[in-house]
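One file, protein-v6.tsv, carrying TSV, C-alpha atoms:
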chain	number	residue	atom	x	y	z
A	1	MET	CA	73.44	124.17	131.85
A	2	LYS	CA	71.63	127.50	132.16
A	3	TYR	CA	73.39	130.83	132.62
A	4	PHE	CA	71.70	133.94	134.00
A	5	VAL	CA	73.22	137.44	134.12
A	6	MET	CA	71.61	140.12	136.30
A	7	LEU	CA	73.13	143.40	135.14
A	8	CYS	CA	72.28	146.21	137.60
A	9	ASP	CA	73.27	149.30	135.65
A	10	GLY	CA	75.22	151.84	137.71
A	11	MET	CA	74.55	150.00	140.99
A	12	ALA	CA	78.05	150.53	142.44
A	13	ASP	CA	78.59	153.80	144.28
A	14	GLU	CA	80.64	155.70	146.84
A	15	PRO	CA	79.83	156.48	150.49
A	16	SER	CA	77.39	159.38	150.64
A	17	GLU	CA	76.31	161.76	153.38
A	18	LYS	CA	72.76	161.34	152.05
A	19	LEU	CA	72.96	157.73	153.21
A	20	GLY	CA	74.83	158.26	156.45
A	21	GLY	CA	78.24	157.57	154.92
A	22	LYS	CA	77.08	154.31	153.33
A	23	THR	CA	76.50	153.25	149.73
A	24	PRO	CA	73.16	152.07	148.30
A	25	MET	CA	74.51	148.50	148.11
A	26	MET	CA	75.39	148.65	151.81
A	27	LEU	CA	71.91	149.76	152.82
A	28	ALA	CA	69.74	147.79	150.40
A	29	ASN	CA	67.83	144.77	151.69
A	30	LYS	CA	68.87	142.26	149.02
A	31	PRO	CA	68.54	138.76	150.51
A	32	THR	CA	68.82	136.85	147.24
A	33	ILE	CA	71.93	138.68	146.05
A	34	ASP	CA	73.53	138.20	149.47
A	35	LEU	CA	72.56	134.52	149.66
A	36	LEU	CA	74.17	133.80	146.28
A	37	ALA	CA	77.20	135.85	147.31
A	38	SER	CA	77.61	133.86	150.53
A	39	LYS	CA	77.67	130.58	148.57
A	40	GLY	CA	79.57	131.75	145.50
A	41	GLU	CA	82.50	133.90	144.51
A	42	VAL	CA	82.69	137.63	145.24
A	43	GLY	CA	85.24	140.12	144.00
A	44	LEU	CA	85.89	143.22	141.92
A	45	VAL	CA	86.05	143.46	138.14
A	46	LYS	CA	87.41	146.25	135.96
A	47	THR	CA	84.71	146.56	133.30
A	48	VAL	CA	85.97	149.82	131.73
A	49	GLN	CA	89.30	149.45	129.99
A	50	GLU	CA	92.01	152.06	130.49
A	51	GLY	CA	91.71	154.95	128.08
A	52	MET	CA	87.99	154.42	127.46
A	53	LYS	CA	85.12	156.54	128.74
A	54	PRO	CA	83.06	154.87	131.48
A	55	GLY	CA	79.86	154.36	129.55
A	56	SER	CA	77.28	151.60	129.55
A	57	ASP	CA	78.34	150.76	126.01
A	58	VAL	CA	81.94	149.67	126.63
A	59	ALA	CA	81.08	148.31	130.09
A	60	ASN	CA	78.24	146.05	128.96
A	61	LEU	CA	80.29	144.87	125.98
A	62	SER	CA	82.97	143.97	128.49
A	63	VAL	CA	80.59	142.03	130.73
A	64	LEU	CA	79.33	140.14	127.65
A	65	GLY	CA	82.90	139.12	126.86
A	66	TYR	CA	83.76	141.55	124.07
A	67	ASN	CA	87.07	143.39	124.06
A	68	SER	CA	86.01	146.97	123.35
A	69	ALA	CA	89.47	147.81	122.05
A	70	ASP	CA	88.81	145.41	119.17
A	71	CYS	CA	85.12	145.96	118.40
A	72	TYR	CA	83.86	149.28	119.79
A	73	THR	CA	82.96	151.90	117.17
A	74	GLY	CA	80.85	154.25	119.30
A	75	ARG	CA	77.65	154.21	121.34
A	76	SER	CA	75.19	155.65	118.88
A	77	PRO	CA	75.68	152.97	116.18
A	78	LEU	CA	74.57	150.32	118.66
A	79	GLU	CA	71.42	152.31	119.40
A	80	ALA	CA	70.88	152.86	115.68
A	81	ALA	CA	70.85	149.09	115.20
A	82	SER	CA	68.09	148.81	117.81
A	83	ILE	CA	65.99	151.45	116.06
A	84	GLY	CA	66.40	149.53	112.80
A	85	ILE	CA	68.52	152.03	110.88
A	86	ASP	CA	70.36	150.42	107.96
A	87	LEU	CA	73.73	152.14	108.21
A	88	LYS	CA	76.17	152.57	105.34
A	89	ASP	CA	79.88	152.16	106.03
A	90	THR	CA	80.29	155.90	105.42
A	91	ASP	CA	77.55	156.94	107.87
A	92	VAL	CA	78.34	158.47	111.24
A	93	THR	CA	75.64	158.25	113.88
A	94	LEU	CA	75.23	160.42	116.94
A	95	ARG	CA	73.10	159.96	120.02
A	96	CYS	CA	70.43	162.67	120.06
A	97	ASN	CA	69.07	163.34	123.53
A	98	LEU	CA	65.98	165.46	123.94
A	99	VAL	CA	67.07	167.60	126.90
A	100	THR	CA	65.68	170.42	129.00
A	101	LEU	CA	67.71	173.62	128.89
A	102	SER	CA	67.03	176.77	130.90
A	103	ASP	CA	65.60	179.83	129.17
A	104	GLU	CA	68.48	182.34	129.04
A	105	GLU	CA	68.49	184.29	125.76
A	106	ASN	CA	71.87	183.13	124.48
A	107	TYR	CA	72.12	179.38	123.87
A	108	GLU	CA	75.55	179.02	125.44
A	109	ASP	CA	74.35	180.73	128.64
A	110	LYS	CA	71.71	178.09	129.27
A	111	ARG	CA	72.02	175.37	131.93
A	112	MET	CA	71.50	171.63	131.53
A	113	VAL	CA	68.33	171.32	133.61
A	114	ASP	CA	67.52	167.71	132.66
A	115	TYR	CA	69.41	165.33	130.36
A	116	CYS	CA	66.23	163.28	129.75
A	117	GLY	CA	63.77	166.03	128.85
A	118	GLY	CA	61.63	165.67	131.96
A	119	ASP	CA	61.10	161.92	131.41
A	120	ILE	CA	59.38	162.63	128.12
A	121	SER	CA	57.22	159.78	126.84
A	122	THR	CA	58.03	157.94	123.63
A	123	PRO	CA	54.92	159.19	121.74
A	124	GLU	CA	55.66	162.81	122.70
A	125	ALA	CA	59.31	162.43	121.79
A	126	ARG	CA	58.52	160.83	118.46
A	127	GLU	CA	56.39	163.84	117.51
A	128	LEU	CA	59.24	166.21	118.39
A	129	VAL	CA	61.90	164.20	116.55
A	130	GLU	CA	59.72	163.91	113.45
A	131	TYR	CA	59.25	167.69	113.60
A	132	LEU	CA	63.03	168.19	113.77
A	133	GLU	CA	63.45	165.88	110.77
A	134	GLU	CA	60.83	167.86	108.86
A	135	LYS	CA	62.49	171.21	109.60
A	136	LEU	CA	66.19	170.34	109.86
A	137	GLY	CA	66.65	167.01	108.10
A	138	ASN	CA	68.31	166.98	104.67
A	139	ASP	CA	70.53	164.82	102.45
A	140	GLU	CA	73.38	165.18	104.96
A	141	PHE	CA	71.58	164.88	108.31
A	142	LYS	CA	68.60	162.71	109.20
A	143	PHE	CA	66.80	162.33	112.55
A	144	TYR	CA	65.45	158.95	113.70
A	145	ALA	CA	63.11	158.54	116.68
A	146	GLY	CA	64.00	156.02	119.37
A	147	VAL	CA	62.60	155.51	122.88
A	148	ALA	CA	61.80	158.21	125.48
A	149	TYR	CA	64.58	160.82	125.35
A	150	ARG	CA	67.04	158.63	123.37
A	151	HIS	CA	67.21	159.18	119.60
A	152	CYS	CA	69.68	159.18	116.68
A	153	LEU	CA	71.08	161.60	114.14
A	154	VAL	CA	72.70	160.02	111.06
A	155	TRP	CA	75.37	162.10	109.29
A	156	ASP	CA	75.98	161.03	105.69
A	157	ASN	CA	79.73	160.88	104.93
A	158	GLY	CA	80.30	162.45	108.34
A	159	ASN	CA	83.46	162.78	110.37
A	160	PRO	CA	83.69	159.87	112.86
A	161	ASN	CA	85.90	162.06	115.08
A	162	PRO	CA	84.36	165.52	114.72
A	163	GLY	CA	85.61	166.90	118.04
A	164	VAL	CA	84.58	166.89	121.69
A	165	LEU	CA	80.94	165.99	122.29
A	166	THR	CA	79.94	165.84	125.97
A	167	PRO	CA	77.25	163.46	127.28
A	168	PRO	CA	74.46	165.59	128.78
A	169	HIS	CA	74.18	163.37	131.86
A	170	ASP	CA	77.73	164.45	132.76
A	171	ILE	CA	76.75	168.12	133.24
A	172	PRO	CA	73.54	168.31	135.32
A	173	GLY	CA	72.79	171.86	136.40
A	174	LYS	CA	75.87	173.29	134.67
A	175	VAL	CA	76.04	176.19	132.23
A	176	ILE	CA	76.60	174.57	128.85
A	177	ALA	CA	79.10	177.12	127.46
A	178	GLU	CA	82.08	174.92	128.38
A	179	TYR	CA	80.43	171.77	127.03
A	180	ILE	CA	79.02	172.73	123.63
A	181	PRO	CA	80.54	170.81	120.69
A	182	LYS	CA	84.18	171.73	120.14
A	183	GLY	CA	86.46	170.77	117.28
A	184	ASP	CA	87.24	171.29	113.64
A	185	ASP	CA	84.07	169.64	112.36
A	186	THR	CA	81.40	170.39	114.95
A	187	ALA	CA	80.06	173.73	113.69
A	188	LYS	CA	77.20	172.10	111.77
A	189	LEU	CA	76.23	170.00	114.76
A	190	TYR	CA	76.18	172.99	117.08
A	191	ASP	CA	74.13	174.96	114.57
A	192	ILE	CA	71.50	172.19	114.50
A	193	MET	CA	71.40	172.12	118.30
A	194	LYS	CA	70.76	175.86	118.48
A	195	LYS	CA	68.09	175.71	115.79
A	196	SER	CA	66.43	172.79	117.55
A	197	TYR	CA	65.87	174.94	120.65
A	198	ASP	CA	64.17	177.65	118.61
A	199	LEU	CA	61.92	175.02	117.02
A	200	LEU	CA	61.06	173.02	120.11
A	201	LYS	CA	60.60	175.62	122.84
A	202	ASP	CA	57.14	176.62	121.58
A	203	HIS	CA	56.10	173.31	120.06
A	204	PRO	CA	52.57	172.26	121.12
A	205	VAL	CA	53.95	169.14	122.83
A	206	ASN	CA	56.15	171.28	125.06
A	207	LYS	CA	53.49	173.91	125.66
A	208	LYS	CA	51.21	171.13	126.90
A	209	ARG	CA	53.96	169.68	129.10
A	210	VAL	CA	54.66	173.07	130.70
A	211	ALA	CA	50.93	173.61	131.30
A	212	GLU	CA	50.87	170.25	133.10
A	213	GLY	CA	53.80	171.24	135.31
A	214	LYS	CA	56.31	169.09	133.40
A	215	ARG	CA	59.68	170.04	131.99
A	216	PRO	CA	59.81	170.75	128.25
A	217	ALA	CA	62.10	168.71	126.00
A	218	ASN	CA	63.34	171.86	124.32
A	219	SER	CA	66.65	171.00	122.64
A	220	ALA	CA	68.51	168.27	120.82
A	221	TRP	CA	71.93	167.38	122.25
A	222	PHE	CA	74.45	165.32	120.27
A	223	TRP	CA	77.08	162.93	121.61
A	224	GLY	CA	78.24	159.28	121.40
A	225	GLU	CA	79.38	159.45	117.77
A	226	GLY	CA	80.44	156.31	115.90
A	227	THR	CA	80.32	154.15	112.79
A	228	LYS	CA	78.70	150.84	111.82
A	229	PRO	CA	79.54	148.26	114.52
A	230	GLN	CA	81.06	144.81	113.98
A	231	LEU	CA	80.41	142.33	116.80
A	232	ALA	CA	81.17	138.63	116.73
A	233	ASN	CA	78.12	136.38	116.75
A	234	PHE	CA	77.46	135.56	120.43
A	235	SER	CA	76.26	132.04	119.75
A	236	GLU	CA	79.25	131.22	117.56
A	237	LYS	CA	81.55	132.80	120.13
A	238	THR	CA	80.16	130.93	123.14
A	239	GLY	CA	78.21	127.98	121.78
A	240	LEU	CA	75.12	129.23	123.62
A	241	LYS	CA	71.73	130.50	122.49
A	242	GLY	CA	71.45	133.90	124.18
A	243	SER	CA	68.72	136.45	124.91
A	244	MET	CA	68.88	140.08	126.04
A	245	ILE	CA	66.10	141.76	128.04
A	246	SER	CA	66.42	145.53	128.43
A	247	ALA	CA	64.38	148.72	128.17
A	248	VAL	CA	67.12	150.76	126.48
A	249	ASP	CA	68.12	150.94	122.83
A	250	LEU	CA	71.82	150.55	123.60
A	251	LEU	CA	71.47	147.05	125.04
A	252	LYS	CA	68.94	146.02	122.41
A	253	GLY	CA	71.39	147.23	119.77
A	254	ILE	CA	74.24	145.22	121.29
A	255	ALA	CA	72.01	142.15	121.20
A	256	ILE	CA	71.04	142.72	117.57
A	257	CYS	CA	74.63	143.28	116.49
A	258	ALA	CA	75.71	140.11	118.34
A	259	ASP	CA	72.83	138.09	116.84
A	260	MET	CA	71.27	137.49	120.25
A	261	THR	CA	67.51	137.51	120.75
A	262	SER	CA	66.32	140.93	121.92
A	263	VAL	CA	63.14	140.71	123.99
A	264	ASP	CA	60.79	143.66	124.42
A	265	VAL	CA	58.79	143.97	127.65
A	266	ASP	CA	55.65	146.11	127.87
A	267	GLY	CA	56.04	148.78	130.54
A	268	ALA	CA	59.84	148.59	130.64
A	269	THR	CA	60.82	152.23	131.11
A	270	GLY	CA	64.48	152.21	132.10
A	271	TYR	CA	63.59	153.87	135.42
A	272	ILE	CA	62.39	152.82	138.87
A	273	ASP	CA	58.81	152.55	137.60
A	274	THR	CA	59.83	149.87	135.11
A	275	ASN	CA	57.97	146.58	134.78
A	276	PHE	CA	60.21	144.45	137.01
A	277	GLU	CA	57.73	141.56	137.02
A	278	GLY	CA	57.52	141.66	133.22
A	279	LYS	CA	61.29	141.41	132.91
A	280	CYS	CA	61.30	138.47	135.29
A	281	LYS	CA	58.59	136.67	133.31
A	282	ALA	CA	60.42	137.36	130.06
A	283	ALA	CA	63.63	135.83	131.46
A	284	ILE	CA	61.83	132.70	132.62
A	285	ASP	CA	59.99	132.43	129.30
A	286	GLU	CA	63.29	132.61	127.41
A	287	PHE	CA	64.70	129.73	129.45
A	288	LYS	CA	61.48	127.76	128.94
A	289	ARG	CA	61.75	128.07	125.18
A	290	GLY	CA	65.23	126.61	125.22
A	291	GLN	CA	67.64	129.53	125.57
A	292	ASP	CA	70.89	128.69	127.38
A	293	PHE	CA	71.87	132.23	128.37
A	294	VAL	CA	69.68	135.14	129.49
A	295	TYR	CA	70.99	138.63	130.23
A	296	VAL	CA	68.60	140.96	132.07
A	297	HIS	CA	69.66	144.60	132.14
A	298	VAL	CA	67.94	147.03	134.52
A	299	GLU	CA	68.68	150.72	134.06
A	300	ALA	CA	66.96	151.99	137.24
A	301	PRO	CA	69.99	152.23	139.62
A	302	ASP	CA	71.91	154.20	136.99
A	303	GLU	CA	69.09	156.68	136.40
A	304	CYS	CA	68.74	157.21	140.16
A	305	GLY	CA	72.48	157.85	140.39
A	306	HIS	CA	72.32	160.44	137.62
A	307	ARG	CA	69.49	162.21	139.46
A	308	ALA	CA	71.13	161.96	142.91
A	309	GLU	CA	68.06	160.06	144.16
A	310	ALA	CA	69.77	158.18	146.98
A	311	GLU	CA	66.71	156.51	148.51
A	312	ASN	CA	65.36	155.52	145.11
A	313	LYS	CA	68.69	153.92	144.22
A	314	VAL	CA	68.47	151.78	147.35
A	315	LYS	CA	64.88	150.91	146.43
A	316	ALA	CA	65.87	150.02	142.85
A	317	ILE	CA	68.39	147.46	144.11
A	318	GLU	CA	65.77	145.98	146.45
A	319	LEU	CA	63.22	145.71	143.64
A	320	ILE	CA	65.72	143.96	141.37
A	321	ASP	CA	66.42	141.46	144.13
A	322	GLU	CA	62.77	140.84	145.02
A	323	LYS	CA	60.99	141.12	141.68
A	324	ILE	CA	63.53	139.63	139.26
A	325	LEU	CA	66.41	137.75	140.83
A	326	LYS	CA	64.51	135.78	143.47
A	327	PRO	CA	61.83	134.33	141.14
A	328	VAL	CA	64.33	133.56	138.36
A	329	VAL	CA	66.66	131.72	140.75
A	330	GLU	CA	63.72	129.79	142.19
A	331	PHE	CA	62.79	128.77	138.65
A	332	LEU	CA	66.36	127.74	137.84
A	333	ARG	CA	66.43	125.44	140.87
A	334	ASP	CA	64.41	122.99	138.73
A	335	PHE	CA	67.46	122.50	136.52
A	336	ASP	CA	70.35	120.25	137.53
A	337	ASP	CA	72.94	122.85	136.63
A	338	PHE	CA	72.86	126.63	136.51
A	339	ALA	CA	75.09	129.61	137.16
A	340	VAL	CA	74.30	133.24	137.99
A	341	LEU	CA	76.41	136.36	137.47
A	342	ILE	CA	75.37	139.56	139.24
A	343	CYS	CA	77.19	142.86	138.71
A	344	PRO	CA	76.87	146.49	137.70
A	345	ASP	CA	78.39	147.68	134.44
A	346	HIS	CA	80.03	150.71	136.10
A	347	PRO	CA	79.53	152.90	139.18
A	348	THR	CA	77.17	155.89	139.00
A	349	PRO	CA	77.84	157.68	142.30
A	350	ILE	CA	74.99	159.85	143.54
A	351	ASN	CA	77.56	162.39	144.81
A	352	ILE	CA	78.74	163.28	141.30
A	353	GLN	CA	75.72	162.08	139.26
A	354	THR	CA	77.79	160.53	136.47
A	355	HIS	CA	79.76	157.39	135.66
A	356	THR	CA	83.22	156.46	136.90
A	357	SER	CA	85.59	153.76	135.68
A	358	ASP	CA	86.28	152.24	139.12
A	359	PRO	CA	86.10	148.44	139.46
A	360	VAL	CA	82.69	147.09	140.44
A	361	PRO	CA	81.58	144.20	142.69
A	362	TYR	CA	80.63	140.91	141.08
A	363	VAL	CA	78.98	137.73	142.33
A	364	ILE	CA	79.33	134.39	140.52
A	365	TYR	CA	77.19	131.55	141.83
A	366	ASP	CA	77.53	127.95	140.59
A	367	SER	CA	74.70	125.65	141.70
A	368	LYS	CA	76.99	122.59	141.52
A	369	ASN	CA	79.86	124.19	143.39
A	370	GLU	CA	78.50	126.03	146.43
A	371	LYS	CA	81.15	127.22	148.84
A	372	ASP	CA	81.54	129.58	151.78
A	373	SER	CA	82.73	132.87	150.31
A	374	GLY	CA	83.04	134.50	153.73
A	375	VAL	CA	80.81	137.34	152.47
A	376	LYS	CA	77.52	137.80	154.30
A	377	SER	CA	76.42	140.90	152.39
A	378	VAL	CA	78.03	142.02	149.15
A	379	ASN	CA	78.93	145.66	148.59
A	380	GLU	CA	81.87	147.68	147.36
A	381	ASP	CA	83.92	147.13	150.55
A	382	THR	CA	83.21	143.44	151.13
A	383	ALA	CA	83.93	142.68	147.47
A	384	LYS	CA	87.29	144.43	147.71
A	385	ALA	CA	88.14	142.66	150.96
A	386	THR	CA	87.99	139.23	149.27
A	387	GLY	CA	91.10	140.03	147.24
A	388	ASN	CA	89.50	138.57	144.11
A	389	TYR	CA	90.11	140.90	141.18
A	390	ILE	CA	89.48	140.49	137.45
A	391	GLU	CA	91.64	143.12	135.75
A	392	LYS	CA	90.37	142.58	132.22
A	393	GLY	CA	86.61	142.69	132.43
A	394	TYR	CA	86.04	141.07	129.06
A	395	THR	CA	87.65	137.85	130.38
A	396	MET	CA	84.99	137.46	133.09
A	397	MET	CA	82.38	136.02	130.73
A	398	ASP	CA	84.59	133.10	129.67
A	399	TYR	CA	85.38	132.51	133.34
A	400	PHE	CA	81.66	132.57	134.20
A	401	LEU	CA	80.76	130.23	131.35
A	402	SER	CA	83.41	127.77	132.48
A	403	LYS	CA	81.33	127.06	135.58
Please lay out the structure from this file as C-alpha cells.
Amino acid sequence: MKYFVMLCDGMADEPSEKLGGKTPMMLANKPTIDLLASKGEVGLVKTVQEGMKPGSDVANLSVLGYNSADCYTGRSPLEAASIGIDLKDTDVTLRCNLVTLSDEENYEDKRMVDYCGGDISTPEARELVEYLEEKLGNDEFKFYAGVAYRHCLVWDNGNPNPGVLTPPHDIPGKVIAEYIPKGDDTAKLYDIMKKSYDLLKDHPVNKKRVAEGKRPANSAWFWGEGTKPQLANFSEKTGLKGSMISAVDLLKGIAICADMTSVDVDGATGYIDTNFEGKCKAAIDEFKRGQDFVYVHVEAPDECGHRAEAENKVKAIELIDEKILKPVVEFLRDFDDFAVLICPDHPTPINIQTHTSDPVPYVIYDSKNEKDSGVKSVNEDTAKATGNYIEKGYTMMDYFLSK
C-alpha cells in the first residue's frame, strides 16, 4: 500500500471581490483534484486546535497525525533542526526573518513593507546573517543562516515565554509600533532588532539590491520562539517508511525531528516559481526506492495569499494539480493499492493576507474503494455541504492510513 499526501499550504480562502466573489479553489482548473474528489471522500477538517495560533507548524503537525497540545514547543526549534543546529535543553530559538522596513527615522514609526525582504536569495541572506552574527552575536545570542528570508536566533538560557512576538506576515503595510516585542523579557530582543536595521540598511548587499530596483532586507524580526522539540518517530508511530518533500525549513525540521527522510529539490523556492516538476520527480523517486508514505508540501498558495496575489494563487493551485498531483497519481496507478490525501494546512485569505484557524477542505481517495462522493469540484463550499467534518485534525492521519 502506498500513501501520498499533497499538502497545498494556505490553499483555502474566503470569497474575494478580486475574484468576482469566488475563492481561488472555486476558480482554479484542477481536474485531477476534482476527479479524486468525485470518487473519494470530501469534507472539512479542523487542523488548528482551539487556543493555538493558526500557523503552518501546528497545522502540518496536525495533518501528520501529531497532537500539538502534546508535542509542540514552538516553530523556530523545528526550523533550527532543519538548519542543523544542535540545541541544548536550555536554549530558546527564535525565527529571524529578514524583512523590509520603511525608512522613517524612528524604528517604531517604520512600516512592515515586506515580511520576506523582497524575496532575498539564500546567498545574499547568508551574507547578511553572517554579518549580524559578526556584529551582534555573543555568548548569549547567536545567529544561524537558513534559506531565503528564514533564519534562526538561538538564545542561551533564554526565556521560552519572553512576551508577545508578532509574526511579520501578520502586519503587511502596518506601522510596527503596535507590534514590536512586548513583555518582561523582550528588551534585549528589541534592541537587537533596532541595531540590525542600522547595520543592514547600508550593507553592500542591500545597496546593490536597491540599485537593481529590489527591496532591501534591512532588519531582523524575531518571532516563533520555542525550545528543543520532541516528536514521536513517524515510522514507529505508523509502521510506514515516510519521506517529506518541501522547500521550507519548517517542514524539513518536522521531518528530521520525526525521523522521516527529508528530500531536497534543486530550484524549490517556496513560491510560485518553485520547481514543481522537481518535486513531482522526487516524490516518484521516493516511492520507487521503497518508501510507503510521501508527503509533498508546496508553499506557493500560502505565499500568494500573504501577498494578496489573487490570480497567482489560482495559478499555484493549477500548477500543483498539473505538475505534481497528476503525474504522481498516474505513477501510483501501477500499484494495486494506494491512497491520496489532499488538503491545505490552514486558510490564508487574500483579503486579510494572513492565516486563519477555520476548517479546511480535504479529499481522501482510496484506489480500492472508489465511490460517488456527489462532489464534482471541491472547494470550501462543496466540502462543507457534504456534512463530513473531522473536528480533531490530528486524528485524520490515522483515518487516512486505515484506507
Of the listed residues A:Thr100, A:Gln353, A:Thr348, A:Gln230, that which approaches Pro77 of chain A most closely, counting all atoms listed in the file: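 Among the listed residues, A:Gln230 lies closest to Pro77 of chain A.
Remark: for Arg289 of chain A, the closest of the candidate residues A:Lys22, A:Ser243, A:Ser235, A:Trp155 is A:Ser243 (distances computed over all atoms listed in the file).
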Looking at A:Val113, A:Cys96, A:Val129, A:Ala148, which one is nearest to Arg307 of chain A, with distances taken over all atoms listed in the file? A:Val113
Of A:Leu332, A:Leu199, A:Ala69, A:Ala80, the one sitting nearest Lys252 of chain A when using all atoms listed in the file is A:Ala80
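Computed from the coordinates, the atom CA of Val48 of chain A to atom CA of Pro344 of chain A distance equals 11.4 Å.
Atom CA of Asn218 of chain A is positioned 4.9 Å from atom CA of Lys201 of chain A.
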For Gly117 of chain A, which of A:Arg215, A:Lys194, A:Arg75, A:Lys142 is the closest residue, counting only C-alpha atoms?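 Looking only at the distances to Gly117 of chain A, the closest residue turns out to be A:Arg215.
Taking all atoms listed in the file into account, Gly270 of chain A lies nearest to A:Val147 out of the set A:Val147, A:Ala255, A:Ala217, A:Ile324.
For the atom pair formed by atom CA of Asp198 of chain A and atom CA of Trp223 of chain A, the distance is 19.8 Å, given to one decimal.
The protein and nucleic acid residues lying at most 9 Å from Gly226 of chain A are A:Tyr72, A:Thr73, A:Gly74, A:Arg75, A:Ser76, A:Pro77, A:Leu78, A:Asp91, A:Val92, A:Thr93, A:Leu94, A:Pro160, A:Asn161, with only C-alpha atoms considered and sequence neighbours fewer than 6 positions away removed.
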Enumerate, in order of chain and increasing residue number, the residues of segment 48-69 of chain A with an atom no farther than 12 Å from segment 167-179 of chain A, each with its shortest atom pair and distance in Å to one decimal, counting all atoms listed in the file, as JSON lines.
{"residue": "A:Lys53", "atom": "CA", "partner": "A:Pro167", "partner_atom": "CA", "distance": 10.6}
{"residue": "A:Pro54", "atom": "CA", "partner": "A:Asp170", "partner_atom": "CA", "distance": 11.0}
{"residue": "A:Gly55", "atom": "CA", "partner": "A:Pro167", "partner_atom": "CA", "distance": 9.7}
Write the residues of the selection above to a file with C-alpha atoms, as a PDB file, in the frame of the given file.
ATOM      1  CA  LYS A  53      85.120 156.540 128.740  1.00  0.00           C
ATOM      2  CA  PRO A  54      83.060 154.870 131.480  1.00  0.00           C
ATOM      3  CA  GLY A  55      79.860 154.360 129.550  1.00  0.00           C
TER       4      GLY A  55
END
Would you be able to write out as a PyMOL selection string which residues have an atom within 12 Å of (80.0, 156.9, 148.5) in the file's coordinates, counting only C-alpha atoms? chain A and resi 11-27+305+308+310+347-353+379-381
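The protein and nucleic acid residues lying at most 12 Å from Glu277 of chain A are Val265, Asp266, Gly267, Ala268, Ala283, Ile284, Val296, Val298, Leu319, Ile320, Asp321, Glu322, Lys323, Ile324, Leu325, Lys326, Pro327 and Val328 of chain A, with all atoms listed in the file considered and sequence neighbours fewer than 6 positions away removed.
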Find the residues with any atom within 12 Å of (83.5, 141.3, 115.6); use all atoms listed in the file and the coordinates as given in the file, and write the answer as a PyMOL selection string. chain A and resi 61+65-73+228-234+236-237+254+257-259
Need to verify the contact set: Gly387 of chain A, 10 Å, all atoms listed in the file, exclusion of same-chain residues closer than 4 positions in sequence. Can you return it as an MDAnalysis selection string? chainID A and resid 42:44 382:383
Please identify all polymer residues within 7 Å of Cys116 of chain A, counting all atoms listed in the file, omitting same-chain residues fewer than 6 positions from it, and present them as a PyMOL selection string. chain A and resi 97-99+149
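Summary of the local environment: counting all atoms listed in the file, residues at most 8 Å from Ile390 of chain A, other than itself and those fewer than 2 positions away along its chain, are Gly43, Leu44, Val45, Lys46, Asn388, Lys392, Gly393, Thr395 and Met396 of chain A.
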